[in-house]
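Read through the structure below, which is laid out as structure tokens, and then see the notes.
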Amino acid sequence: MYRTMVLALGLTLGTGTIALADSPWTGGDNLPTSPLACDSSGGGGGAAAGNYDGGQPTGAPDLKGKPVKVVDVPKLIGIGYFNATSKGIADAAKELGNVDAKTDGPTQANIDQQITFIDNYITSGVNGILFSANDPVAIAPVLKKALSKGIHVVGYDANSQPDAREWFVNQAQFNGIGKAMVDDMAKEIGEDGAFAIVTSTFTTPNQARWISEMAAYQAKCHPKMKWLETVEAQEDNNLSFNQATTLINKYGDDLKGIFGMTSVATPASAEAVTQANKCGKIAVVGLATPNAMKPYVAKDCVKSVVLWNPVDLGYAAMYVLRAAIDGDLKPGATSVKAGKLGELQIINGSEVLLGAPTTFTKDNINDFDF
Amino acid sequence: MTAALDRVLRHESILGLLLIATLAVLAGQSEAFFTADNLLNQGRLMAEVGLVTLPMTFVIITGGIDLSVGSIFGLCCILLGVFWQKVGMPLPVAMVAAILMGGVAGLGNGIIITRFKVPPLIATLATLALYRGLAEGIAQARSVRGYPDWFFQLGQYDFLGAPTQLWILIALFIAAAFVLGMTTFGRTIYAIGSNEVAARFSGLKVDRAKLVIYGTSGLISGLAAVIFVSRVSTTRSDMGTGLELDVITAVVLGGTSIFGGRGTIIGTGLGLILMQALKNGLALAGVKGDGTIVVIGAVLIAAILIGNLLSRNGDG
């Protein structure tokens with residue numbers, strides 16, 4: 001009896017695995033990609049405003065210019081990146097003068113906890129919610145509930161389904177990041193070099209999206225480059241270092257470059273390359289905050305680091321939320337004013353584009369402090 | 001035996017008083033707390049954890065523990081999606097199959113514990129990793145979405161004025177309280193926890209009882225998983241991470257002894273409600289997330305200390 005059950009378990013799991021193993025898998029998601037043209041320089045921008053596809057709050061009170069209470073629920077609290085976005089939100093709230101903003105969220109990137117946090121804030125009666133989604137679909141019902149109670153909802157950093165929020169502040173378009181990363185890598189290791197990727201987890205939406213866009217852009221514009229492997233490192237410093245070291249040992253001289261997909265994986269990969277005495281032989285290209293990368297850039301071990309400014313991201317999100325509450329930002333708008341950042345362009349229907357990603361090099365990295 | 005029963009009841013009355021006091025304080029902190037809307041919504045949010053606390057109470061009363069419930073939960077979420085979308089089963093069949101697979105996973109725990117005499121802590125620690133690994137391997141980071149609208153009845157909509165899953169929780173709560181308190185099987189569970197060797201020599205079917213409770217634990221985790229998928233409308237392999245800690249906290253807070261032999265379903269219910277009320281009430285009162293977990297930890301220690309103190313007095 002038990003044996004039959006165990007056998008049944010094995011069989012079902014087996015079929016499940018087979019059913020899913022129909023395409024070789026690189027760490028990307030299976031959504032459609034839109035690689036940019038090969039020649040134009042720089043990433044991001046250029047997209048049209050498109051038709052508005054966001055959701056609108058029902059029966060939202062007119063609060064134009066009035067003091068409001070808003071809450072920011074990031075994926076998790078207590079890491080450098082979200083401390084920076086939270087600082088940007090606080091800065092903008094202070095500048096606006098009529099916003100009481102606070103950041104609260106789970107201490108682990110957990111969808112259930114994030115949903116519960118938002119649900120509780122809906123009950124406690126806030127006027128606006130800022131979020132960075134741990135999962136675009138799972139978060140949608142609770143955000144729709146907020147909209148149905150007349151609460152304004154704006155996302156930043158990681159999107160939800162479009163109809164579950166009014167606006168999303170996009171730090172950089174996925175295909176822009178994909179292009180910037182792959183172009184930088186091709187410049188360093190040549191058109192026929194082989195590379196590997198260290199990502200966070202295969203379930204993180206942004207990283208999966210970037211990897212898909214990178215794969216599409218690489219296939220289109222640098223077809224001879226060779227994709228060796230994508231490994232998970234969970235935004236954990238130690239694990240990222242170990243995974244990068246394993247890649248270096250496993251592929252030996254074949255490995256010409258490593259992509260770091262998170263602000264943790266990139267410095268850890270650079271450290272692994274440094275400790276393996278492979279500086280100059282293995283290129284590291286990745287998303288990272290400048291402070292963590294300064295030592296490696298100074299030693300010439302890393303040539304360029306790609307990222308947007310997370311403080312600006314939070315700052316812009318707060319301004320967009322205020323504009324939505326005030327009624328200044330309506331469906332169909334093509335741009336929105338965001339304080340010191342000036343006019344931000346609206347793309348893809350209901351996304352506010354922060355700008356092209358910044359590439360930090362030896363020349364400018366010391367001008368940034370985050 | 002009656003003395004032990006008195007002690008249990010005493011812990012429950014303390015917990016009841018503590019709960020009433022907490023509710024009163026929290027209601028004073030925020031107007032939004034004591035509204036029907038909020039309370040029913042909390043019923044929705046605590047249903048998954050609440051369901052899993054029921055078999056966990058049985059497991060802990062036998063002196064065992066099941067750390068793998070969160071992983072079984074994650075595995076069943078993924079299997080539901082895979083059965084439906086990849087294997088092509090009709091959704092109702094996939095729901096039943098996913099729940100049954102939870103039962104199989106739970107039976108796996110039971111077999112390891114009874115046949116190979118592995119301590120439950122070790123056995124389920126191993127399957128905690130094993131089942132989560134299976135879930136991630138099967139899912140390959142892809143989530144399954146796009147469920148039909150009727151499926152959300154279970155997790156997002158109301159039935160007779162209250163969240164659907166709250167009715168399921170209440171029904172199973174009554175069933176569990178009946179089985180534990182009024183049947184021979186329930187008394188077998190207490191006997192195993194009080195003295196397993198004596199229970200064996202008394203001719204009780206100890207291994208069979210353990211298989212049943214670990215299997216049920218998996219089965220109910222599967223049910224909770226299906227409800228959760230319906231509530232959040234997508235599946236991911238990291239669902240239910242850390243669920244075991246919430247579940248065990250609620251059970252222990254409810255006065256079930258981690259050494260076995262003591263505990264009731266009513267107590268577990270009170271522990272669960274107290275925990276959920278604290279989480280929700282403190283958030284509404286403006287306490288941040290990290291503060292809330294500190295308070296829950298403190299309340300857990302306080303409840304156990306008071307319980308121990310009184311039971312020692314009772315022993316004279």
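A note on labels: chains of the structure tokens are A, B, ... as shown, every chain counts residues from 1, and ligands are counted from 1 in their shown order.
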
Sorted per-residue table, chain B near chain A, closest atoms and distance, 9 Å, only C-alpha atoms, as CSV:
residue,atom,partner,partner_atom,distance
B:Ser30,CA,A:Ser124,CA,7.7
B:Glu31,CA,A:Ser124,CA,8.2
B:Ala32,CA,A:Ser124,CA,5.7
B:Phe33,CA,A:Ser124,CA,7.8
B:Asp37,CA,A:Thr123,CA,8.5
B:Asn38,CA,A:Thr123,CA,6.6
B:Asn41,CA,A:Asp119,CA,8.7
B:Leu45,CA,A:Thr116,CA,7.4
B:Leu79,CA,A:Gly16,CA,7.9
B:Val82,CA,A:Gly16,CA,6.4
B:Phe83,CA,A:Gly16,CA,7.5
B:Lys86,CA,A:Ala19,CA,6.0
B:Val87,CA,A:Ala19,CA,7.0
B:Met101,CA,A:Leu9,CA,7.0
B:Val104,CA,A:Met5,CA,6.6
B:Ala105,CA,A:Leu9,CA,8.0
B:Leu107,CA,A:Tyr2,CA,8.2
B:Gly108,CA,A:Val6,CA,7.5
B:Ile111,CA,A:Tyr2,CA,8.1
B:Leu134,CA,A:Leu13,CA,8.1
B:Gly137,CA,A:Thr17,CA,7.6
B:Ile138,CA,A:Thr17,CA,5.3
B:Ala139,CA,A:Leu20,CA,7.8
B:Gln140,CA,A:Phe202,CA,7.4
B:Ala141,CA,A:Thr203,CA,4.7
B:Arg142,CA,A:Asp29,CA,6.8
B:Ser143,CA,A:Thr203,CA,8.0
B:Arg145,CA,A:Val137,CA,7.6
B:Gln156,CA,A:Pro141,CA,8.3
B:Val229,CA,A:Ala138,CA,8.7
B:Arg231,CA,A:Pro141,CA,8.0
B:Val232,CA,A:Ala138,CA,4.5
B:Ser233,CA,A:Ala138,CA,5.9
B:Thr234,CA,A:Ala138,CA,5.7
B:Thr235,CA,A:Ala138,CA,8.1
B:Arg236,CA,A:Thr203,CA,7.5
B:Ser237,CA,A:Thr203,CA,7.9
B:Asp238,CA,A:Asn110,CA,8.2
B:Met239,CA,A:Ile111,CA,7.7
B:Gly240,CA,A:Asp112,CA,8.0
B:Thr241,CA,A:Asn110,CA,7.9
B:Asn280,CA,A:Asn120,CA,6.4
B:Gly281,CA,A:Asn120,CA,8.6
B:Ala283,CA,A:Asn120,CA,6.5
B:Leu284,CA,A:Ser124,CA,5.2
B:Ala285,CA,A:Ser124,CA,8.0
B:Gly286,CA,A:Ser124,CA,8.6
B:Lys288,CA,A:Asp104,CA,6.0
B:Gly289,CA,A:Gly105,CA,6.2
B:Asp290,CA,A:Thr107,CA,7.3

Can you pull out the residues contacting Pro162 (chain A)? Cut-off 9 Å, using only C-alpha atoms, and skip same-chain residues under 6 positions away; I want them as a list in words. Asp53, Gly54, Gly55, Pro136, Ala140, Phe168, Ser350 and Glu351 of chain A

May I have the residues from that selection written out with N, CA and C atoms, as a PDB file, in the first residue's frame?
ATOM      1  N   ASP A  53      -3.417  51.436 -19.642  1.00  0.00           N
ATOM      2  CA  ASP A  53      -3.916  50.111 -19.292  1.00  0.00           C
ATOM      3  C   ASP A  53      -3.917  49.881 -17.781  1.00  0.00           C
ATOM      4  N   GLY A  54      -3.767  50.966 -17.006  1.00  0.00           N
ATOM      5  CA  GLY A  54      -3.774  50.816 -15.554  1.00  0.00           C
ATOM      6  C   GLY A  54      -5.192  50.756 -15.016  1.00  0.00           C
ATOM      7  N   GLY A  55      -5.323  50.615 -13.700  1.00  0.00           N
ATOM      8  CA  GLY A  55      -6.628  50.643 -13.053  1.00  0.00           C
ATOM      9  C   GLY A  55      -6.830  51.992 -12.389  1.00  0.00           C
ATOM     10  N   PRO A 136       4.018  39.628  -9.392  1.00  0.00           N
ATOM     11  CA  PRO A 136       3.102  40.533 -10.092  1.00  0.00           C
ATOM     12  C   PRO A 136       1.636  40.101 -10.027  1.00  0.00           C
ATOM     13  N   ALA A 140      -1.901  41.268  -7.019  1.00  0.00           N
ATOM     14  CA  ALA A 140      -2.958  41.989  -7.723  1.00  0.00           C
ATOM     15  C   ALA A 140      -4.294  42.052  -6.958  1.00  0.00           C
ATOM     16  N   PHE A 168       3.050  52.799 -12.722  1.00  0.00           N
ATOM     17  CA  PHE A 168       4.240  52.093 -12.275  1.00  0.00           C
ATOM     18  C   PHE A 168       5.461  52.893 -12.685  1.00  0.00           C
ATOM     19  N   SER A 350       0.889  52.898 -18.976  1.00  0.00           N
ATOM     20  CA  SER A 350       0.747  53.419 -17.617  1.00  0.00           C
ATOM     21  C   SER A 350       2.045  53.306 -16.830  1.00  0.00           C
ATOM     22  N   GLU A 351       3.174  53.431 -17.520  1.00  0.00           N
ATOM     23  CA  GLU A 351       4.447  53.373 -16.816  1.00  0.00           C
ATOM     24  C   GLU A 351       5.171  54.704 -16.938  1.00  0.00           C
TER      25      GLU A 351
END

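The interatomic distance for the pair CA of Ala270 (chain A) and CA of Asp367 (chain A) works out to 20.8 Å.
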
I'd like the neighbourhood of Phe360 (chain A) as number ranges by chain, where a residue qualifies if any of its atoms comes within 12 Å (using only C-alpha atoms), though same-chain residues fewer than 2 positions away should be ignored. A: 180, 184, 285-294, 296-298, 302-309, 357-358, 362-369

Export of prior selection with N, CA and C atoms as an mmCIF file, in the first residue's frame:
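Dumped to result-v6.cif:
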data_model
loop_
_atom_site.group_PDB
_atom_site.id
_atom_site.type_symbol
_atom_site.label_atom_id
_atom_site.label_comp_id
_atom_site.auth_asym_id
_atom_site.auth_seq_id
_atom_site.Cartn_x
_atom_site.Cartn_y
_atom_site.Cartn_z
ATOM 1 N N ALA A 180 22.173 47.154 -22.599
ATOM 2 C CA ALA A 180 23.350 47.753 -21.969
ATOM 3 C C ALA A 180 24.287 46.664 -21.447
ATOM 4 N N ASP A 184 27.957 45.796 -23.149
ATOM 5 C CA ASP A 184 29.151 45.966 -22.323
ATOM 6 C C ASP A 184 29.974 44.685 -22.309
ATOM 7 N N VAL A 285 30.356 41.999 -15.530
ATOM 8 C CA VAL A 285 29.442 43.070 -15.900
ATOM 9 C C VAL A 285 28.174 42.834 -15.106
ATOM 10 N N GLY A 286 27.620 43.893 -14.527
ATOM 11 C CA GLY A 286 26.409 43.602 -13.778
ATOM 12 C C GLY A 286 25.730 44.812 -13.220
ATOM 13 N N LEU A 287 24.584 44.547 -12.583
ATOM 14 C CA LEU A 287 23.827 45.567 -11.892
ATOM 15 C C LEU A 287 24.362 45.635 -10.477
ATOM 16 N N ALA A 288 24.700 46.820 -10.019
ATOM 17 C CA ALA A 288 25.210 46.940 -8.656
ATOM 18 C C ALA A 288 25.163 48.389 -8.221
ATOM 19 N N THR A 289 25.179 48.597 -6.912
ATOM 20 C CA THR A 289 25.273 49.961 -6.406
ATOM 21 C C THR A 289 26.737 50.371 -6.438
ATOM 22 N N PRO A 290 27.011 51.648 -6.765
ATOM 23 C CA PRO A 290 28.394 52.084 -6.956
ATOM 24 C C PRO A 290 29.285 51.840 -5.734
ATOM 25 N N ASN A 291 28.768 52.098 -4.523
ATOM 26 C CA ASN A 291 29.627 51.977 -3.346
ATOM 27 C C ASN A 291 30.255 50.601 -3.236
ATOM 28 N N ALA A 292 29.463 49.556 -3.505
ATOM 29 C CA ALA A 292 29.966 48.194 -3.366
ATOM 30 C C ALA A 292 31.019 47.874 -4.421
ATOM 31 N N MET A 293 30.986 48.609 -5.551
ATOM 32 C CA MET A 293 31.851 48.256 -6.676
ATOM 33 C C MET A 293 33.117 49.104 -6.758
ATOM 34 N N LYS A 294 33.190 50.171 -5.939
ATOM 35 C CA LYS A 294 34.329 51.093 -6.060
ATOM 36 C C LYS A 294 35.685 50.392 -5.987
ATOM 37 N N TYR A 296 36.635 47.413 -6.848
ATOM 38 C CA TYR A 296 36.951 46.598 -8.027
ATOM 39 C C TYR A 296 37.151 47.462 -9.263
ATOM 40 N N VAL A 297 36.393 48.549 -9.339
ATOM 41 C CA VAL A 297 36.554 49.468 -10.464
ATOM 42 C C VAL A 297 37.902 50.172 -10.347
ATOM 43 N N ALA A 298 38.277 50.537 -9.117
ATOM 44 C CA ALA A 298 39.555 51.212 -8.900
ATOM 45 C C ALA A 298 40.708 50.303 -9.313
ATOM 46 N N VAL A 302 36.864 45.498 -12.739
ATOM 47 C CA VAL A 302 35.542 45.667 -13.335
ATOM 48 C C VAL A 302 35.554 46.974 -14.102
ATOM 49 N N LYS A 303 35.119 46.925 -15.364
ATOM 50 C CA LYS A 303 35.186 48.124 -16.202
ATOM 51 C C LYS A 303 33.948 49.004 -16.049
ATOM 52 N N SER A 304 32.769 48.353 -15.994
ATOM 53 C CA SER A 304 31.563 49.174 -15.944
ATOM 54 C C SER A 304 30.469 48.496 -15.110
ATOM 55 N N VAL A 305 29.695 49.329 -14.441
ATOM 56 C CA VAL A 305 28.603 48.856 -13.598
ATOM 57 C C VAL A 305 27.335 49.560 -14.062
ATOM 58 N N VAL A 306 26.255 48.806 -14.219
ATOM 59 C CA VAL A 306 25.014 49.391 -14.723
ATOM 60 C C VAL A 306 23.998 49.490 -13.589
ATOM 61 N N LEU A 307 23.401 50.610 -13.392
ATOM 62 C CA LEU A 307 22.276 50.735 -12.452
ATOM 63 C C LEU A 307 21.591 52.075 -12.610
ATOM 64 N N TRP A 308 20.355 52.123 -12.112
ATOM 65 C CA TRP A 308 19.655 53.372 -11.967
ATOM 66 C C TRP A 308 19.900 53.848 -10.552
ATOM 67 N N ASN A 309 19.467 55.045 -10.246
ATOM 68 C CA ASN A 309 19.649 55.565 -8.896
ATOM 69 C C ASN A 309 18.406 55.247 -8.065
ATOM 70 N N PRO A 357 19.343 53.755 -17.945
ATOM 71 C CA PRO A 357 20.196 53.333 -16.838
ATOM 72 C C PRO A 357 21.537 54.057 -16.885
ATOM 73 N N THR A 358 22.136 54.250 -15.730
ATOM 74 C CA THR A 358 23.437 54.895 -15.663
ATOM 75 C C THR A 358 24.516 53.826 -15.732
ATOM 76 N N LYS A 362 35.207 54.031 -14.140
ATOM 77 C CA LYS A 362 36.267 54.575 -13.302
ATOM 78 C C LYS A 362 36.192 56.110 -13.228
ATOM 79 N N ASP A 363 35.738 56.724 -14.336
ATOM 80 C CA ASP A 363 35.744 58.187 -14.411
ATOM 81 C C ASP A 363 34.686 58.840 -13.535
ATOM 82 N N ASN A 364 33.506 58.171 -13.407
ATOM 83 C CA ASN A 364 32.430 58.892 -12.714
ATOM 84 C C ASN A 364 31.950 58.216 -11.429
ATOM 85 N N ILE A 365 32.473 57.017 -11.103
ATOM 86 C CA ILE A 365 31.873 56.261 -10.005
ATOM 87 C C ILE A 365 32.020 56.975 -8.665
ATOM 88 N N ASN A 366 33.078 57.767 -8.523
ATOM 89 C CA ASN A 366 33.286 58.427 -7.238
ATOM 90 C C ASN A 366 32.347 59.614 -7.018
ATOM 91 N N ASP A 367 31.577 59.966 -8.058
ATOM 92 C CA ASP A 367 30.609 61.056 -7.891
ATOM 93 C C ASP A 367 29.328 60.577 -7.225
ATOM 94 N N PHE A 368 29.172 59.254 -7.063
ATOM 95 C CA PHE A 368 27.922 58.727 -6.509
ATOM 96 C C PHE A 368 28.168 58.123 -5.144
ATOM 97 N N ASP A 369 27.207 58.283 -4.263
ATOM 98 C CA ASP A 369 27.360 57.741 -2.928
ATOM 99 C C ASP A 369 26.072 57.047 -2.493
#

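Using only C-alpha atoms, the protein and nucleic acid residues lying no more than 9 Å from Asp192 (chain A), apart from those fewer than 5 places from it along its own chain, are Ala186, His222, Pro223, Lys224, Met225 and Lys226 of chain A.
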
Could you write those residues out with C-alpha atoms, as a tab-separated table (two decimals), in the first residue's frame?
chain	number	residue	atom	x	y	z
A	186	ALA	CA	30.54	41.93	-25.90
A	222	HIS	CA	25.71	39.04	-30.81
A	223	PRO	CA	24.74	35.57	-32.08
A	224	LYS	CA	28.17	34.01	-31.64
A	225	MET	CA	28.42	34.62	-27.90
A	226	LYS	CA	28.03	31.44	-25.88

Determine the nearest neighbour of Ser230 (chain B) from the options B:Leu26, B:Leu154, B:Ala176, B:Leu243, counting only C-alpha atoms. B:Leu154

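Looking only at region 92-315 of chain B, the set that DSSP places in strand (DSSP E) from backbone geometry is Asp158, Phe159, Ala162 and Pro163 of chain B.
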
Please save C-alpha atoms of the selected residues as an mmCIF file, in the first residue's frame.
data_model
loop_
_atom_site.group_PDB
_atom_site.id
_atom_site.type_symbol
_atom_site.label_atom_id
_atom_site.label_comp_id
_atom_site.auth_asym_id
_atom_site.auth_seq_id
_atom_site.Cartn_x
_atom_site.Cartn_y
_atom_site.Cartn_z
ATOM 1 C CA ASP B 158 -17.776 35.138 0.540
ATOM 2 C CA PHE B 159 -20.217 32.357 1.291
ATOM 3 C CA ALA B 162 -18.309 35.218 5.591
ATOM 4 C CA PRO B 163 -15.157 34.265 3.688
#

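When only C-alpha atoms are used to compute distances to Leu272 (chain B), the closest of the residues B:Leu23, B:Ala199, B:Val49, B:Ala225 turns out to be B:Val49.
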
What parts of region 202-311 of chain A does DSSP call helix (DSSP H, G or I)? I'd like the answer as a compact mmCIF listing (two decimals) with C-alpha atoms, in the first residue's frame.
# COMPACT_ATOMS: atom_id res chain seq x y z
CA PRO A 205 10.35 38.73 -11.73
CA ASN A 206 12.82 41.51 -12.62
CA GLN A 207 15.85 39.27 -12.94
CA ALA A 208 13.95 36.69 -14.98
CA ARG A 209 12.71 39.45 -17.29
CA TRP A 210 16.19 40.93 -17.77
CA ILE A 211 17.64 37.53 -18.51
CA SER A 212 14.96 36.93 -21.15
CA GLU A 213 15.67 40.30 -22.74
CA MET A 214 19.41 39.67 -22.60
CA ALA A 215 18.94 36.30 -24.28
CA ALA A 216 16.79 37.83 -27.01
CA TYR A 217 19.16 40.73 -27.60
CA GLN A 218 22.22 38.48 -27.60
CA ALA A 219 20.61 36.11 -30.12
CA LYS A 220 19.76 39.06 -32.35
CA CYS A 221 22.89 41.19 -32.13
CA ASN A 237 26.68 37.49 -0.37
CA ASN A 238 28.39 34.26 0.61
CA LEU A 239 26.38 32.08 -1.73
CA SER A 240 27.01 34.47 -4.64
CA PHE A 241 30.74 34.30 -4.01
CA ASN A 242 30.65 30.49 -3.85
CA GLN A 243 28.56 30.19 -6.99
CA ALA A 244 30.88 32.51 -8.93
CA THR A 245 33.94 30.58 -7.69
CA THR A 246 32.30 27.31 -8.75
CA LEU A 247 31.68 28.75 -12.23
CA ILE A 248 35.31 29.85 -12.52
CA ASN A 249 36.58 26.40 -11.50
CA LYS A 250 34.04 24.49 -13.56
CA TYR A 251 34.59 26.20 -16.90
CA GLY A 252 38.25 27.20 -16.51
CA ASP A 253 39.56 29.12 -19.50
CA ASP A 254 36.30 28.77 -21.42
CA ALA A 265 25.81 39.02 -6.97
CA THR A 266 27.89 41.55 -8.93
CA PRO A 267 30.34 42.59 -6.17
CA ALA A 268 30.53 38.97 -4.97
CA SER A 269 31.40 37.80 -8.50
CA ALA A 270 34.02 40.54 -8.77
CA GLU A 271 35.48 39.38 -5.46
CA ALA A 272 35.55 35.76 -6.69
CA VAL A 273 37.36 36.81 -9.87
CA THR A 274 39.84 38.89 -7.86
CA GLN A 275 40.59 36.04 -5.46
CA PRO A 290 28.39 52.08 -6.96
CA ASN A 291 29.63 51.98 -3.35
CA ALA A 292 29.97 48.19 -3.37
CA MET A 293 31.85 48.26 -6.68
CA LYS A 294 34.33 51.09 -6.06
CA PRO A 295 37.24 48.86 -4.96
CA TYR A 296 36.95 46.60 -8.03
CA VAL A 297 36.55 49.47 -10.46
CA ALA A 298 39.56 51.21 -8.90
CA PRO A 310 17.32 53.94 -6.33
CA VAL A 311 16.99 57.17 -4.33

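Those residues that approach region 182-195 of chain B to within 9 Å, counting only C-alpha atoms, are Phe58, Val59, Ile60, Ile61, Thr62, Gly63, Gly64, Ala177, Arg200, Leu204, Lys205, Val206, Ala209, Lys210, Phe259, Gly260, Gly261, Arg262 and Gly263 of chain B; same-chain residues fewer than 5 positions away are not listed.
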
Save out the residues we just selected, C-alpha atoms, as a JSON list (two decimals), in the first residue's frame.
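Generated file (again_10.json):
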[["chain", "number", "residue", "atom", "x", "y", "z"],
["B", 58, "PHE", "CA", -2.42, 16.19, 17.21],
["B", 59, "VAL", "CA", 1.19, 15.76, 16.13],
["B", 60, "ILE", "CA", 2.61, 17.82, 18.99],
["B", 61, "ILE", "CA", 0.37, 16.08, 21.56],
["B", 62, "THR", "CA", 2.00, 12.78, 20.57],
["B", 63, "GLY", "CA", 5.35, 14.39, 21.39],
["B", 64, "GLY", "CA", 6.22, 14.74, 17.72],
["B", 177, "ALA", "CA", -12.10, 19.08, 18.51],
["B", 200, "ARG", "CA", 2.37, 0.24, 23.08],
["B", 204, "LEU", "CA", -2.71, 0.66, 21.30],
["B", 205, "LYS", "CA", -1.86, 0.84, 17.60],
["B", 206, "VAL", "CA", 0.77, 3.54, 18.04],
["B", 209, "ALA", "CA", -2.12, 6.40, 14.80],
["B", 210, "LYS", "CA", 1.09, 8.23, 13.89],
["B", 259, "PHE", "CA", 6.84, 17.32, 25.29],
["B", 260, "GLY", "CA", 3.51, 15.74, 24.43],
["B", 261, "GLY", "CA", 0.50, 14.49, 26.34],
["B", 262, "ARG", "CA", -1.15, 17.86, 26.84],
["B", 263, "GLY", "CA", -3.13, 20.23, 24.64]]

Would you list the contacts of Asp62 (chain A) as a compact mmCIF listing (two decimals) with N, CA and C atoms, in the first residue's frame, taking every protein, DNA or RNA residue within 10 Å and counting only C-alpha atoms, but skipping same-chain residues closer than 6 positions in sequence?
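Contents of selection-v2.txt, as written:
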# COMPACT_ATOMS: atom_id res chain seq x y z
N ILE A 325 -2.99 61.48 -6.71
CA ILE A 325 -3.95 61.86 -5.66
C ILE A 325 -4.54 63.24 -5.98
N ASP A 326 -3.66 64.16 -6.42
CA ASP A 326 -4.11 65.51 -6.73
C ASP A 326 -4.97 65.59 -7.98
N GLY A 327 -4.96 64.50 -8.77
CA GLY A 327 -5.71 64.53 -10.02
C GLY A 327 -4.95 65.19 -11.14

Interatomic distance between CA of Asp207 (chain B) and CA of Thr127 (chain B)? 19.0 Å

Set the distance at 10 Å and use only C-alpha atoms: which residues neighbour Ala250 (chain B) once local chain neighbours fewer than 6 positions away are removed? I'd like the list as a PyMOL selection string. chain B and resi 49-50+53+56-57+244+256+267-276+300

Just give me the gap between CA of Leu329 (chain A) and CA of Leu96 (chain A) in Å, one decimal is fine. 15.8 Å

Nearest residue to Thr249 (chain B) from the set B:Gly291, B:Gly16, B:Gly297, B:Gly307 (distances using only C-alpha atoms): B:Gly297

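Closest approach to Gly193 (chain A) among A:Arg322, A:Ile258, A:Thr85, A:Asp300: A:Ile258, based on only C-alpha atoms.
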